Every structure is written in C-alpha cells, then in structure tokens.
file model00.cif (mmCIF, C-alpha atoms and all ligand atoms)
data_query
#
loop_
_atom_site.label_atom_id
_atom_site.label_comp_id
_atom_site.auth_asym_id
_atom_site.auth_seq_id
_atom_site.Cartn_x
_atom_site.Cartn_y
_atom_site.Cartn_z
CA MET A 1 -31.57 33.95 57.33
CA SER A 2 -28.45 36.04 57.68
CA LEU A 3 -27.61 36.31 53.96
CA SER A 4 -31.13 36.27 52.64
CA GLY A 5 -31.64 38.63 49.73
CA LYS A 6 -27.85 38.98 49.28
CA SER A 7 -25.92 37.96 46.23
CA VAL A 8 -22.24 37.00 46.13
CA LEU A 9 -19.97 36.84 43.10
CA LEU A 10 -17.50 34.08 43.99
CA ILE A 11 -14.22 33.96 42.07
CA ILE A 12 -12.51 30.59 42.43
CA GLY A 13 -8.77 30.72 41.77
CA GLY A 14 -6.41 27.87 41.01
CA GLY A 15 -5.27 26.33 44.26
CA ILE A 16 -5.76 23.05 46.06
CA ALA A 17 -8.08 24.95 48.45
CA ALA A 18 -10.57 25.34 45.58
CA TYR A 19 -12.34 22.22 46.86
CA LYS A 20 -13.26 24.20 50.00
CA SER A 21 -15.05 26.74 47.78
CA LEU A 22 -17.66 24.11 47.05
CA GLU A 23 -18.35 23.92 50.78
CA LEU A 24 -18.41 27.74 50.86
CA ILE A 25 -21.10 27.86 48.15
CA ARG A 26 -23.16 25.39 50.19
CA GLU A 27 -22.73 27.56 53.31
CA ILE A 28 -23.69 30.82 51.56
CA LYS A 29 -26.80 29.16 50.17
CA LYS A 30 -27.63 27.62 53.55
CA ARG A 31 -27.60 31.15 54.97
CA GLY A 32 -30.02 32.32 52.30
CA GLY A 33 -27.59 33.99 49.86
CA ALA A 34 -27.31 33.55 46.09
CA VAL A 35 -24.00 32.73 44.37
CA HIS A 36 -22.75 33.49 40.88
CA ALA A 37 -19.36 31.94 40.26
CA ILE A 38 -16.38 32.65 38.04
CA LEU A 39 -13.92 29.80 37.75
CA THR A 40 -10.44 30.74 36.53
CA LYS A 41 -8.66 28.50 34.04
CA ALA A 42 -6.32 27.33 36.84
CA GLY A 43 -9.31 26.91 39.17
CA SER A 44 -10.92 24.49 36.72
CA GLU A 45 -7.87 22.22 37.15
CA PHE A 46 -9.01 21.66 40.76
CA VAL A 47 -12.82 21.75 40.59
CA THR A 48 -15.05 21.28 37.59
CA PRO A 49 -17.50 23.89 36.26
CA LEU A 50 -20.18 21.23 36.61
CA SER A 51 -19.64 20.71 40.36
CA VAL A 52 -19.63 24.49 40.97
CA ALA A 53 -22.76 24.99 38.86
CA SER A 54 -24.57 22.11 40.55
CA LEU A 55 -24.00 23.57 44.01
CA ALA A 56 -24.59 27.20 43.03
CA GLY A 57 -27.68 26.32 41.04
CA GLU A 58 -26.46 28.85 38.48
CA LYS A 59 -24.37 28.79 35.35
CA VAL A 60 -20.62 29.16 35.98
CA PHE A 61 -18.69 31.78 34.04
CA THR A 62 -15.23 30.88 32.84
CA ASP A 63 -14.26 32.82 29.75
CA LEU A 64 -13.90 36.52 29.00
CA PHE A 65 -14.23 35.92 25.29
CA SER A 66 -17.16 33.52 25.32
CA LEU A 67 -19.93 34.81 23.10
CA THR A 68 -22.61 32.87 24.97
CA ASP A 69 -21.40 34.02 28.42
CA GLU A 70 -21.17 37.66 27.34
CA ALA A 71 -24.58 37.49 25.67
CA GLU A 72 -26.11 36.01 28.84
CA MET A 73 -24.49 38.37 31.34
CA GLY A 74 -21.61 40.64 30.29
CA HIS A 75 -18.57 40.79 32.58
CA ILE A 76 -19.41 44.35 33.67
CA GLU A 77 -22.90 43.37 34.78
CA LEU A 78 -21.57 40.20 36.41
CA SER A 79 -19.12 42.29 38.46
CA ARG A 80 -21.77 44.74 39.59
CA SER A 81 -24.94 42.74 40.09
CA ALA A 82 -23.60 41.11 43.27
CA ASP A 83 -23.61 42.73 46.73
CA LEU A 84 -20.08 41.49 47.42
CA VAL A 85 -17.26 39.99 45.37
CA VAL A 86 -15.45 37.15 47.14
CA VAL A 87 -12.18 35.64 45.90
CA ALA A 88 -11.61 32.17 47.41
CA PRO A 89 -9.06 30.80 47.03
CA ALA A 90 -7.16 34.00 46.24
CA THR A 91 -3.85 32.81 44.81
CA ALA A 92 -0.63 34.86 44.83
CA ASP A 93 -1.21 35.41 41.10
CA LEU A 94 -4.76 36.74 41.58
CA LEU A 95 -3.62 39.06 44.40
CA ALA A 96 -0.79 40.37 42.20
CA LYS A 97 -3.20 41.01 39.33
CA MET A 98 -5.59 42.84 41.66
CA ALA A 99 -2.80 44.95 43.16
CA HIS A 100 -1.57 45.99 39.72
CA GLY A 101 -4.94 46.39 38.04
CA LEU A 102 -4.32 43.72 35.40
CA ALA A 103 -7.33 42.52 33.43
CA ASN A 104 -6.35 39.68 31.13
CA ASP A 105 -9.01 37.10 31.94
CA LEU A 106 -12.62 37.05 33.15
CA ALA A 107 -11.76 36.97 36.89
CA SER A 108 -9.27 39.87 36.84
CA THR A 109 -11.47 41.88 34.47
CA ALA A 110 -14.49 41.47 36.76
CA LEU A 111 -12.33 42.50 39.75
CA LEU A 112 -11.21 45.65 37.95
CA ALA A 113 -14.69 46.48 36.69
CA THR A 114 -16.55 46.02 39.97
CA ASP A 115 -17.89 48.89 42.05
CA LYS A 116 -18.64 46.53 44.98
CA ARG A 117 -16.54 45.63 48.00
CA VAL A 118 -14.12 42.75 47.57
CA LEU A 119 -13.32 40.12 50.21
CA VAL A 120 -10.36 37.83 49.59
CA ALA A 121 -9.42 34.53 51.23
CA PRO A 122 -5.75 34.01 50.36
CA ALA A 123 -4.37 30.51 49.93
CA MET A 124 -0.83 29.71 48.92
CA ASN A 125 2.42 28.10 49.96
CA VAL A 126 3.98 29.73 53.04
CA ARG A 127 7.03 30.99 51.09
CA MET A 128 4.78 32.62 48.51
CA TRP A 129 2.71 34.20 51.31
CA THR A 130 5.79 35.65 53.05
CA HIS A 131 7.54 36.73 49.82
CA ALA A 132 8.31 40.45 49.61
CA ALA A 133 6.22 40.78 46.43
CA THR A 134 3.11 39.29 48.08
CA THR A 135 3.68 41.48 51.17
CA ARG A 136 3.82 44.56 48.91
CA ASN A 137 0.68 43.49 47.04
CA LEU A 138 -1.20 42.90 50.31
CA ALA A 139 -0.29 46.36 51.57
CA THR A 140 -1.57 47.88 48.31
CA LEU A 141 -4.82 45.92 48.45
CA LYS A 142 -5.43 46.79 52.12
CA LYS A 143 -4.88 50.45 51.26
CA ASP A 144 -7.43 50.06 48.44
CA GLY A 145 -9.98 48.86 51.00
CA VAL A 146 -9.96 45.17 50.03
CA LEU A 147 -11.13 42.98 52.94
CA PHE A 148 -9.24 39.87 54.03
CA VAL A 149 -10.17 36.66 55.80
CA GLY A 150 -7.29 34.37 56.77
CA PRO A 151 -5.05 32.78 55.80
CA ASP A 152 -4.81 30.27 58.64
CA GLU A 153 -1.64 28.71 59.90
CA GLY A 154 -1.14 24.97 59.67
CA GLU A 155 0.09 22.05 57.66
CA MET A 156 -0.25 22.57 53.93
CA ALA A 157 -0.93 20.29 51.02
CA CYS A 158 2.70 20.84 49.90
CA GLY A 159 3.95 19.42 53.22
CA GLU A 160 5.21 22.73 54.64
CA PHE A 161 3.87 24.35 57.79
CA GLY A 162 2.97 28.00 58.37
CA PRO A 163 0.52 30.70 57.32
CA GLY A 164 -1.04 30.31 53.89
CA ARG A 165 -3.90 27.84 54.37
CA MET A 166 -7.23 29.22 53.16
CA ALA A 167 -9.63 30.13 55.96
CA GLU A 168 -12.34 27.56 56.62
CA PRO A 169 -15.63 27.98 54.69
CA LEU A 170 -17.53 28.79 57.92
CA ALA A 171 -15.07 31.61 58.73
CA ILE A 172 -15.34 32.97 55.16
CA ALA A 173 -19.15 32.87 55.35
CA ASP A 174 -18.97 34.77 58.68
CA ALA A 175 -16.66 37.35 57.07
CA ILE A 176 -19.15 37.70 54.18
CA GLU A 177 -21.92 38.37 56.70
CA THR A 178 -19.78 40.94 58.52
CA ALA A 179 -18.87 42.67 55.26
CA LEU A 180 -22.50 42.81 54.20
CA GLY A 181 -23.90 43.54 57.63
CA SER A 182 -21.51 46.26 58.75
CA LYS A 183 -23.73 48.97 57.30
CA PRO A 184 -25.76 50.63 60.02
CA SER A 185 -28.78 48.38 59.85
CA GLY A 186 -30.78 50.31 62.40
CA LYS A 187 -30.72 47.14 64.52
CA GLY A 188 -28.42 46.38 67.43
CA PRO A 189 -27.65 47.76 70.88
CA LEU A 190 -26.67 51.20 69.50
CA SER A 191 -29.52 51.58 67.06
CA GLY A 192 -30.79 55.15 66.90
CA LYS A 193 -27.61 56.47 68.57
CA HIS A 194 -25.03 58.82 67.09
CA VAL A 195 -21.44 57.89 67.96
CA VAL A 196 -18.51 60.24 67.33
CA ILE A 197 -15.03 58.69 67.37
CA THR A 198 -11.57 60.24 66.93
CA SER A 199 -8.77 58.05 65.61
CA GLY A 200 -5.14 58.12 64.50
CA PRO A 201 -2.44 60.71 65.11
CA THR A 202 -2.49 64.41 64.33
CA HIS A 203 0.19 66.13 62.27
CA GLU A 204 1.29 69.56 63.43
CA PRO A 205 3.14 71.39 60.65
CA ILE A 206 6.57 72.97 61.22
CA ASP A 207 6.97 74.21 57.65
CA PRO A 208 5.49 73.09 54.30
CA VAL A 209 7.48 69.83 54.35
CA ARG A 210 7.93 68.93 58.04
CA TYR A 211 5.55 68.13 60.85
CA ILE A 212 5.36 66.80 64.42
CA ALA A 213 3.62 63.42 64.60
CA ASN A 214 3.37 60.22 66.66
CA ARG A 215 3.25 56.49 66.06
CA SER A 216 -0.53 55.97 66.27
CA SER A 217 -1.81 53.77 63.41
CA GLY A 218 -5.53 54.42 63.95
CA LYS A 219 -6.23 50.66 64.05
CA GLN A 220 -8.04 50.73 67.40
CA GLY A 221 -10.13 53.83 66.62
CA HIS A 222 -11.10 52.58 63.16
CA ALA A 223 -12.03 49.16 64.60
CA LEU A 224 -14.24 50.94 67.16
CA ALA A 225 -15.98 52.84 64.37
CA ALA A 226 -16.65 49.61 62.44
CA ALA A 227 -17.90 47.90 65.62
CA ALA A 228 -20.21 50.80 66.49
CA ALA A 229 -21.67 50.72 62.97
CA ALA A 230 -22.16 46.96 63.25
CA ALA A 231 -24.01 47.62 66.53
CA GLY A 232 -26.49 49.74 64.59
CA ALA A 233 -25.17 53.24 65.38
CA LYS A 234 -24.84 56.19 63.04
CA VAL A 235 -21.09 56.77 63.25
CA THR A 236 -18.94 59.81 62.51
CA LEU A 237 -15.25 58.94 62.52
CA ILE A 238 -12.83 61.85 62.66
CA SER A 239 -9.50 60.54 61.56
CA GLY A 240 -6.02 62.00 61.54
CA PRO A 241 -3.61 60.91 58.77
CA VAL A 242 -3.58 57.08 58.67
CA SER A 243 -2.98 54.52 55.97
CA LEU A 244 -6.20 52.60 56.63
CA PRO A 245 -9.28 52.45 54.42
CA ASP A 246 -12.38 54.26 55.68
CA PRO A 247 -14.56 51.75 57.56
CA HIS A 248 -17.65 50.62 55.70
CA GLY A 249 -20.95 52.26 56.66
CA VAL A 250 -19.26 55.06 58.61
CA LYS A 251 -19.06 58.77 57.79
CA THR A 252 -15.32 59.50 57.88
CA VAL A 253 -13.97 63.02 58.14
CA HIS A 254 -10.25 63.40 57.42
CA VAL A 255 -8.27 66.00 59.35
CA GLU A 256 -4.63 66.76 59.89
CA THR A 257 -4.12 68.94 62.97
CA ALA A 258 -5.53 68.90 66.52
CA ALA A 259 -7.27 72.22 65.83
CA ASP A 260 -8.96 70.73 62.74
CA MET A 261 -9.92 67.64 64.76
CA LEU A 262 -11.60 69.74 67.45
CA GLY A 263 -13.45 71.71 64.75
CA ALA A 264 -14.68 68.50 63.11
CA VAL A 265 -15.76 67.01 66.46
CA GLU A 266 -17.73 70.13 67.36
CA HIS A 267 -19.29 70.15 63.91
CA ALA A 268 -20.33 66.48 64.34
CA MET A 269 -22.15 67.14 67.62
CA PRO A 270 -24.69 66.32 69.04
CA ALA A 271 -23.76 62.74 69.85
CA ASP A 272 -24.97 60.16 72.35
CA LEU A 273 -21.56 58.57 72.73
CA ALA A 274 -18.17 60.18 72.08
CA ILE A 275 -14.99 58.08 72.04
CA PHE A 276 -11.69 59.93 71.91
CA CYS A 277 -9.22 57.35 70.73
CA ALA A 278 -6.93 59.65 68.70
CA ALA A 279 -3.35 60.28 69.80
CA VAL A 280 -3.65 64.04 69.59
CA ALA A 281 -0.39 66.01 69.57
CA ASP A 282 -0.14 67.91 72.85
CA TRP A 283 1.70 70.81 71.26
CA ARG A 284 1.81 72.60 67.94
CA VAL A 285 4.48 74.87 66.54
CA LYS A 286 3.74 78.46 67.53
CA THR A 287 4.30 79.85 64.07
CA GLU A 288 4.34 77.56 61.04
CA ALA A 289 7.07 78.68 58.64
CA LYS A 290 5.67 79.73 55.28
CA ASP A 291 8.69 78.36 53.42
CA LYS A 292 10.93 75.38 54.10
CA ILE A 293 13.36 76.17 56.94
CA LYS A 294 16.86 76.00 55.44
CA LYS A 295 20.07 74.82 57.08
CA GLN A 296 22.47 77.71 57.52
CA LYS A 297 26.15 76.86 57.43
CA GLY A 298 27.68 77.42 60.87
CA ALA A 299 24.35 78.47 62.42
CA PRO A 300 22.83 76.49 65.33
CA PRO A 301 19.79 74.31 64.60
CA PRO A 302 16.50 76.21 64.78
CA SER A 303 14.54 75.91 68.00
CA LEU A 304 10.82 75.31 67.85
CA ALA A 305 8.57 77.40 70.07
CA LEU A 306 5.46 75.38 70.92
CA ASP A 307 1.92 76.23 71.95
CA PRO A 308 -0.41 73.76 73.71
CA ASN A 309 -3.13 72.21 71.57
CA PRO A 310 -6.75 72.28 72.73
CA ASP A 311 -7.73 69.18 74.70
CA ILE A 312 -10.59 67.82 72.59
CA LEU A 313 -11.69 65.20 75.12
CA ALA A 314 -11.78 67.67 78.03
CA THR A 315 -13.52 70.31 75.90
CA ILE A 316 -16.38 67.96 75.01
CA ALA A 317 -16.55 66.17 78.39
CA THR A 318 -16.92 69.44 80.31
CA ARG A 319 -19.49 71.01 77.98
CA LYS A 320 -22.30 72.63 79.92
CA LYS A 321 -24.80 72.14 77.09
CA GLY A 322 -25.02 69.24 74.68
CA ARG A 323 -22.54 66.96 76.44
CA PRO A 324 -22.78 63.41 75.01
CA ALA A 325 -24.41 61.05 77.52
CA LEU A 326 -21.25 58.93 77.63
CA VAL A 327 -17.76 60.31 77.02
CA VAL A 328 -14.82 57.91 76.73
CA GLY A 329 -11.13 58.80 76.71
CA PHE A 330 -8.04 56.70 76.12
CA ALA A 331 -4.80 56.80 78.05
CA ALA A 332 -1.71 55.43 76.36
CA GLU A 333 1.11 55.36 78.89
CA THR A 334 4.55 53.83 79.19
CA THR A 335 4.71 53.81 83.03
CA ASP A 336 2.24 53.88 85.96
CA VAL A 337 -0.60 53.22 83.50
CA LEU A 338 -3.42 52.92 86.06
CA THR A 339 -2.33 55.85 88.23
CA TYR A 340 -2.24 58.18 85.23
CA ALA A 341 -5.50 56.75 83.88
CA LYS A 342 -7.36 57.38 87.17
CA GLY A 343 -5.96 60.92 87.22
CA LYS A 344 -7.23 61.52 83.67
CA LEU A 345 -10.70 60.24 84.47
CA ALA A 346 -11.02 63.06 86.98
CA SER A 347 -9.06 65.81 85.25
CA LYS A 348 -10.71 65.42 81.84
CA GLY A 349 -14.26 64.98 83.14
CA CYS A 350 -15.01 61.82 81.15
CA ASP A 351 -17.00 58.75 82.21
CA VAL A 352 -14.59 56.01 81.16
CA ILE A 353 -10.86 55.83 80.49
CA VAL A 354 -9.58 52.95 78.41
CA ALA A 355 -5.97 52.64 79.48
CA ASN A 356 -3.19 50.73 77.79
CA ASP A 357 0.52 50.26 78.12
CA VAL A 358 2.32 51.41 74.98
CA GLY A 359 5.82 51.06 76.42
CA ALA A 360 8.77 49.67 74.45
CA GLY A 361 8.29 45.98 73.70
CA THR A 362 4.49 45.98 74.05
CA GLU A 363 3.98 46.40 70.27
CA VAL A 364 0.60 48.01 70.98
CA MET A 365 1.21 51.16 68.92
CA GLY A 366 0.87 50.11 65.30
CA GLY A 367 0.33 46.44 66.28
CA ASP A 368 -2.81 44.33 65.97
CA ALA A 369 -3.36 43.40 69.63
CA ASN A 370 -4.08 45.36 72.78
CA ILE A 371 -4.33 44.85 76.54
CA VAL A 372 -6.78 47.35 77.99
CA HIS A 373 -7.93 48.39 81.45
CA LEU A 374 -11.37 49.94 81.79
CA VAL A 375 -11.21 52.68 84.40
CA THR A 376 -14.44 54.17 85.79
CA VAL A 377 -15.43 55.65 89.15
CA ARG A 378 -16.51 52.14 90.11
CA GLY A 379 -13.02 50.72 89.69
CA VAL A 380 -10.71 49.03 87.20
CA GLU A 381 -11.37 46.05 84.97
CA THR A 382 -8.45 44.50 83.10
CA TRP A 383 -9.02 42.49 79.94
CA PRO A 384 -6.71 39.84 78.48
CA LYS A 385 -4.59 40.48 75.39
CA LEU A 386 -6.98 40.51 72.43
CA PRO A 387 -6.93 41.52 68.76
CA LYS A 388 -7.85 45.22 68.40
CA THR A 389 -10.97 44.24 66.46
CA GLU A 390 -12.14 42.04 69.34
CA VAL A 391 -11.28 44.80 71.86
CA ALA A 392 -13.44 47.13 69.75
CA THR A 393 -16.44 44.78 69.68
CA ARG A 394 -16.27 44.22 73.44
CA LEU A 395 -15.78 47.92 74.21
CA ILE A 396 -18.77 48.90 72.08
CA ALA A 397 -20.94 46.30 73.85
CA GLU A 398 -19.75 47.68 77.20
CA PHE A 399 -20.43 51.32 76.21
CA ALA A 400 -23.91 50.33 74.98
CA ARG A 401 -24.56 48.91 78.48
CA LEU A 402 -23.17 52.01 80.21
CA LEU A 403 -25.15 54.44 78.06
CA PRO A 404 -28.01 55.92 80.10
CA LYS A 405 -31.25 54.43 78.86
CA LYS A 406 -32.72 57.82 77.93
CA SER A 407 -30.02 59.75 76.08
O1 LIG B 501 -3.60 63.81 78.13
P1 LIG B 501 -3.50 62.65 77.22
O2 LIG B 501 -3.06 63.01 75.84
O3 LIG B 501 -2.73 61.48 77.73
O4 LIG B 501 -5.02 62.12 77.13
C1 LIG B 501 -5.38 61.09 76.31
C2 LIG B 501 -6.85 61.22 75.97
O5 LIG B 501 -7.20 62.56 75.70
C3 LIG B 501 -7.19 60.47 74.71
O6 LIG B 501 -8.53 60.07 74.82
C4 LIG B 501 -7.02 61.52 73.63
O7 LIG B 501 -7.79 61.24 72.48
C5 LIG B 501 -7.52 62.76 74.33
N1 LIG B 501 -6.88 64.00 73.91
C6 LIG B 501 -7.60 64.94 73.22
N2 LIG B 501 -7.02 66.13 72.87
C7 LIG B 501 -5.75 66.40 73.21
C8 LIG B 501 -5.01 65.44 73.93
C9 LIG B 501 -5.60 64.25 74.26
O8 LIG B 501 -8.77 64.69 72.89
N3 LIG B 501 -5.21 67.54 72.87
#

call {"tool": "encode", "arguments": {"input": "model00.cif", "output": "structure tokens"}}
result
Amino acid sequence: MSLSGKSVLLIIGGGIAAYKSLELIREIKKRGGAVHAILTKAGSEFVTPLSVASLAGEKVFTDLFSLTDEAEMGHIELSRSADLVVVAPATADLLAKMAHGLANDLASTALLATDKRVLVAPAMNVRMWTHAATTRNLATLKKDGVLFVGPDEGEMACGEFGPGRMAEPLAIADAIETALGSKPSGKGPLSGKHVVITSGPTHEPIDPVRYIANRSSGKQGHALAAAAAAAGAKVTLISGPVSLPDPHGVKTVHVETAADMLGAVEHAMPADLAIFCAAVADWRVKTEAKDKIKKQKGAPPPSLALDPNPDILATIATRKKGRPALVVGFAAETTDVLTYAKGKLASKGCDVIVANDVGAGTEVMGGDANIVHLVTVRGVETWPKLPKTEVATRLIAEFARLLPKKS
C-alpha cells in the first residue's frame, strides 16, 4: 500500500472542516499509514477525542501540560516520531502561530519542535483567507518550506463563497503520499538516471549593492526538479536567487551569476538528462565596481559596459565528450515564439526546446500556469494552459520517453 510503513502526526485545528479529518484518518489508514493525532482545544469543540482515537486506533493527545500524556510520549518525541506532520484543518490562528513561531499549546509546540516536513490544509472563511495578515503568514510559511494542499473554492459553512474550504480528504491523502514519496525512491521512469536542472534568474553585480536581474521566479525549474525526483532520478538543481524552498529529495546548489551557474553545471556533470530552465542574464557588467557607485552632482549618469555571459546550454549541448544523452533548453519569448524556438534548437545544439510566450498579459513569468510548445526536429507540439507543476510532471514523462534507452 502507498503509505505502508509511514507514520503521520495529524494536528486537528478548530474549524467546521474538522469533521473531514475523521475521513482523512480513515483514508491514511486505508493506504497503510499510521496516525497519531493532536486535537487542539478548539478542535475538540468540533470532533471529540473519542471519535478521533477510535478511528486512529491510537490515543489522542490534547494537552501540553498533561502528566499522563507527557509520561506516555513527550511532545518532542511526538513531533519527531512521525514521517510527516499534517495540519488539517489549519485555521488562520494555527497558521499565524506557525509563521511567528509561537508555542503556547501542544499543537503549536509540536510544530515548533518538529524536524519533519509539515503539510498544511488551510480552512477558514474567505475574508480570513484573503486578509493581508494571512497572506503575509502564508508567504512566510512557504519560504520556510511548509507544504500546502488547498484550500478549495466553493460554498462555505458560513454561507459565503470563495477560496477557504479545506481540501477533500482524498486530495490531502494524495498530497501526503507526494510529500512522502518525492524522495528519489529508485523506482520510476528515471530511476538510475542523473538529471541536472538550472532554474531561476541570475544576478550580475554592478557594484556591492546593485545588480542586473530578470523576473524569473524559478517556479517551473523547481517544479521540474521535484517531478524528476518523483520519477526516481538523482537530481542536481542549480538555482539562481529565488524565494522558493529547496525541493525535497533534490541536491540544490545555490549560485548567483551566470559564470557561477556554468561552473556548478560543469561540476555536476556527468548527467543523463540536462534541462536548462534558468533565465540566465545574457550580459554581465564588464568591471564590477568595488565600492558603491555614487551620484555626482551635475555629472551624467554612469554608463555600463557589458560583456556577454557564457551560454550554458550551448556549452553543454555542444560538448564533444560527456554530452548528456538528452539536452533540453527553454525559450521564453514575447513575439514570434515558435520561429525563435526553432532557431534556438539548431543554434544551441540541444534536442528539445520548450518554448513559451512570456509577453505582457500572459502572467507566465512569476505566475503559476504555463502554456508550452515542445519543439524538436520532428515538429511542434502545443500543450494547453496547465499549472507549472502539471507541466513539469508531463515534461519529465516526455523526457523519460525521449531518453535513449542506453544512456
Ligand atoms: O538565448 P536565450 O537566452 O533565449 O536561450 C534560452 C535558453 O538558453 C534557456 O534554456 C536558458 O536556460 C539557456 N541559456 C543558458 N545560458 C545563457 C543564456 C541562455 O543556458 N547564457
């Protein structure tokens, strides 16, 4: 079974969606997993410790200061003995506590003490979900590497409509499986393969405080790394400066400039598959100023002399020795997307170009969805608009098919 041998610490917060957590416990157990549960004081207003314990088949923990609970399994052990901590429903209050590191009850203390990954399924009124404070807390938690599932959009118990409904138990159980299964398992279409992926922008320094950059978020490259790991590959992700957590089960190397990125890619070789998704700066400043460039009264603005950066994709794709069996480039264009993409396929020497339109109004750069065209010598295949994570899964499956059988 998909969760067999895995143990989940489920924290049930105080929301009407708490009743769905009972169904979630049933689903985790059906998939072979074990559940320990913490019920917050507010959570116990919606479901009883007895119903949770009956379904989990384990004692439910409720109180930080309970002598019997602490004697049985202290909160530190409780927070670390599981493979994954899941908060469902995660109320606005629980998310705020997590974002600020508060630890004033058993649930928040376990969340602060854990050294395991945390998956949260938010559930709250739509106004609470869209409030600036919740938005800030979410950004903090995402930066900390907390995983999210949902919320869904729909009619709520309070009568309002919008995002804030807790994800369905089946979707949460799937997210638990993904979180626990995203480590290279050695199984899957890329098992035994080494995949090198570049992601994000590069920063090219002008002086100690200024740099040239671009709008790449790294979302597509990081999603590709996670998808390749889920497909069983050993993955090295070489990332420019992004505000995303390192994907689970992936070796992530952080770089700043194009020159550093090329160095890290060469260091990571050999690879079976190389995917160059980063938006590498085409130019760098010829001479980086040692000190901050100062404004001079009456003087014209400084002009920047630029040098071209090395083309990492072309360098690796045209290697005489040790070329990866499949080399993939990306082409982000604002006009004539396919014409430029076909030109790049030839000029860079790669096997596939994944082209996308990043023109004004497409919201592709920095956004969560993408429309891609797969360009190979055999022709062009255009995919519908899909979430970047889904694009990543499909691309990885496609690259696994295109990979020569003996690489
Ligand atoms: O030439 P252009 O920047 O449009 O090419 C895009 C493709 O080339 C992307 O795959 C990008 O990661 C890669 N590239 C690179 N090194 C550069 C410039 C682009 O690897 N210096």

call {"tool": "closest_residue", "arguments": {"input": "model00.cif", "among": "A:Ala223, A:Thr202, A:Lys295, A:Ser54", "to": "A:Leu262", "atoms": "only C-alpha atoms"}}
result
A:Thr202

call {"tool": "closest_atom_pairs", "arguments": {"input": "model00.cif", "of": "chain A", "to": "ligand LIG 501 (chain B)", "cutoff": "8 Å", "atoms": "all atoms listed in the file", "output": "tab-separated table"}}
result
residue	atom	partner	partner_atom	distance
A:Thr198	CA	B:LIG501	O7	6.8
A:Ser199	CA	B:LIG501	O7	7.6
A:Ala258	CA	B:LIG501	N3	6.5
A:Leu262	CA	B:LIG501	O8	7.9
A:Ile275	CA	B:LIG501	O6	7.3
A:Phe276	CA	B:LIG501	O7	4.2
A:Cys277	CA	B:LIG501	O7	4.5
A:Ala278	CA	B:LIG501	O7	4.2
A:Ala279	CA	B:LIG501	O7	5.3
A:Val280	CA	B:LIG501	C8	4.8
A:Ala281	CA	B:LIG501	N3	6.0
A:Asp282	CA	B:LIG501	N3	5.1
A:Trp283	CA	B:LIG501	N3	7.8
A:Pro308	CA	B:LIG501	N3	7.9
A:Asn309	CA	B:LIG501	N3	5.3
A:Pro310	CA	B:LIG501	N3	5.0
A:Asp311	CA	B:LIG501	N3	3.5
A:Ile312	CA	B:LIG501	O8	3.6
A:Leu313	CA	B:LIG501	O8	3.7
A:Ala314	CA	B:LIG501	O8	6.7
A:Thr315	CA	B:LIG501	O8	8.0
A:Val328	CA	B:LIG501	O6	6.9
A:Gly329	CA	B:LIG501	O6	3.5
A:Phe330	CA	B:LIG501	O6	3.6
A:Ala331	CA	B:LIG501	C1	4.7
A:Ala332	CA	B:LIG501	O3	6.3
A:Glu333	CA	B:LIG501	O3	7.3
A:Lys344	CA	B:LIG501	O4	6.9
A:Lys348	CA	B:LIG501	O5	7.6
A:Ile353	CA	B:LIG501	O6	7.5

call {"tool": "closest_residue", "arguments": {"input": "model00.cif", "among": "A:Asp307, A:Asp105, A:Asp336, A:Asp272", "to": "A:Leu190", "atoms": "all atoms listed in the file"}}
result
A:Asp272

call {"tool": "residues_around", "arguments": {"input": "model00.cif", "residues": "A:Pro49", "least_positions_apart": "5", "cutoff": "10 Å", "atoms": "only C-alpha atoms", "output": "NGL selection string"}}
result
:A and (37-40 or 43-44 or 54 or 59-62)

call {"tool": "residues_around", "arguments": {"input": "model00.cif", "residues": "A:Leu24", "least_positions_apart": "2", "cutoff": "12 Å", "atoms": "only C-alpha atoms", "output": "ChimeraX atom specification"}}
result
/A:8,10-12,17-22,26-31,33-35,37,52,55-56,86-89,121,166-176

call {"tool": "residues_around", "arguments": {"input": "model00.cif", "residues": "A:Ala397", "least_positions_apart": "3", "cutoff": "10 Å", "atoms": "only C-alpha atoms", "output": "PDB file with C-alpha atoms, in the frame of the given file"}}
result
ATOM      1  CA  GLY A 188     -28.420  46.380  67.430  1.00  0.00           C
ATOM      2  CA  PRO A 189     -27.650  47.760  70.880  1.00  0.00           C
ATOM      3  CA  LEU A 190     -26.670  51.200  69.500  1.00  0.00           C
ATOM      4  CA  ALA A 227     -17.900  47.900  65.620  1.00  0.00           C
ATOM      5  CA  ALA A 228     -20.210  50.800  66.490  1.00  0.00           C
ATOM      6  CA  ALA A 231     -24.010  47.620  66.530  1.00  0.00           C
ATOM      7  CA  VAL A 391     -11.280  44.800  71.860  1.00  0.00           C
ATOM      8  CA  ALA A 392     -13.440  47.130  69.750  1.00  0.00           C
ATOM      9  CA  THR A 393     -16.440  44.780  69.680  1.00  0.00           C
ATOM     10  CA  ARG A 394     -16.270  44.220  73.440  1.00  0.00           C
ATOM     11  CA  ALA A 400     -23.910  50.330  74.980  1.00  0.00           C
ATOM     12  CA  ARG A 401     -24.560  48.910  78.480  1.00  0.00           C
ATOM     13  CA  LEU A 402     -23.170  52.010  80.210  1.00  0.00           C
TER      14      LEU A 402
END

call {"tool": "closest_residue", "arguments": {"input": "model00.cif", "among": "A:Ala264, A:Ala213, A:Gly15, A:Phe161", "to": "A:Ala123", "atoms": "only C-alpha atoms"}}
result
A:Gly15

call {"tool": "atom_distance", "arguments": {"input": "model00.cif", "atom1": "atom CA of A:Pro163", "atom2": "atom CA of A:Val120"}}
result
15.1 Å

call {"tool": "residues_near_point", "arguments": {"input": "model00.cif", "point": "(-9.5, 45.0, 67.5)", "cutoff": "7 Å", "atoms": "all atoms listed in the file", "output": "PyMOL selection string"}}
result
chain A and resi 220+223+368-369+387-392

call {"tool": "write_last_selection", "arguments": {"input": "model00.cif", "atoms": "C-alpha atoms", "output": "compact mmCIF listing (two decimals), in the frame of the given file"}}
result
# COMPACT_ATOMS: atom_id res chain seq x y z
CA GLN A 220 -8.04 50.73 67.40
CA ALA A 223 -12.03 49.16 64.60
CA ASP A 368 -2.81 44.33 65.97
CA ALA A 369 -3.36 43.40 69.63
CA PRO A 387 -6.93 41.52 68.76
CA LYS A 388 -7.85 45.22 68.40
CA THR A 389 -10.97 44.24 66.46
CA GLU A 390 -12.14 42.04 69.34
CA VAL A 391 -11.28 44.80 71.86
CA ALA A 392 -13.44 47.13 69.75

call {"tool": "residues_around", "arguments": {"input": "model00.cif", "residues": "A:Ala179", "least_positions_apart": "3", "cutoff": "10 Å", "atoms": "all atoms listed in the file", "output": "VMD selection string"}}
result
chain A and resid 83 to 84 117 to 119 147 173 to 176 182 to 183 230 248 to 249

call {"tool": "atom_distance", "arguments": {"input": "model00.cif", "atom1": "atom CA of A:Leu345", "atom2": "atom CA of A:Val375"}}
result
7.6 Å

call {"tool": "closest_residue", "arguments": {"input": "model00.cif", "among": "A:Pro151, A:Gly159, A:Gly32, A:Pro201", "to": "A:His254", "atoms": "all atoms listed in the file"}}
result
A:Pro201

call {"tool": "atom_distance", "arguments": {"input": "model00.cif", "atom1": "atom CA of A:Lys143", "atom2": "atom CA of A:Met365"}}
result
18.7 Å
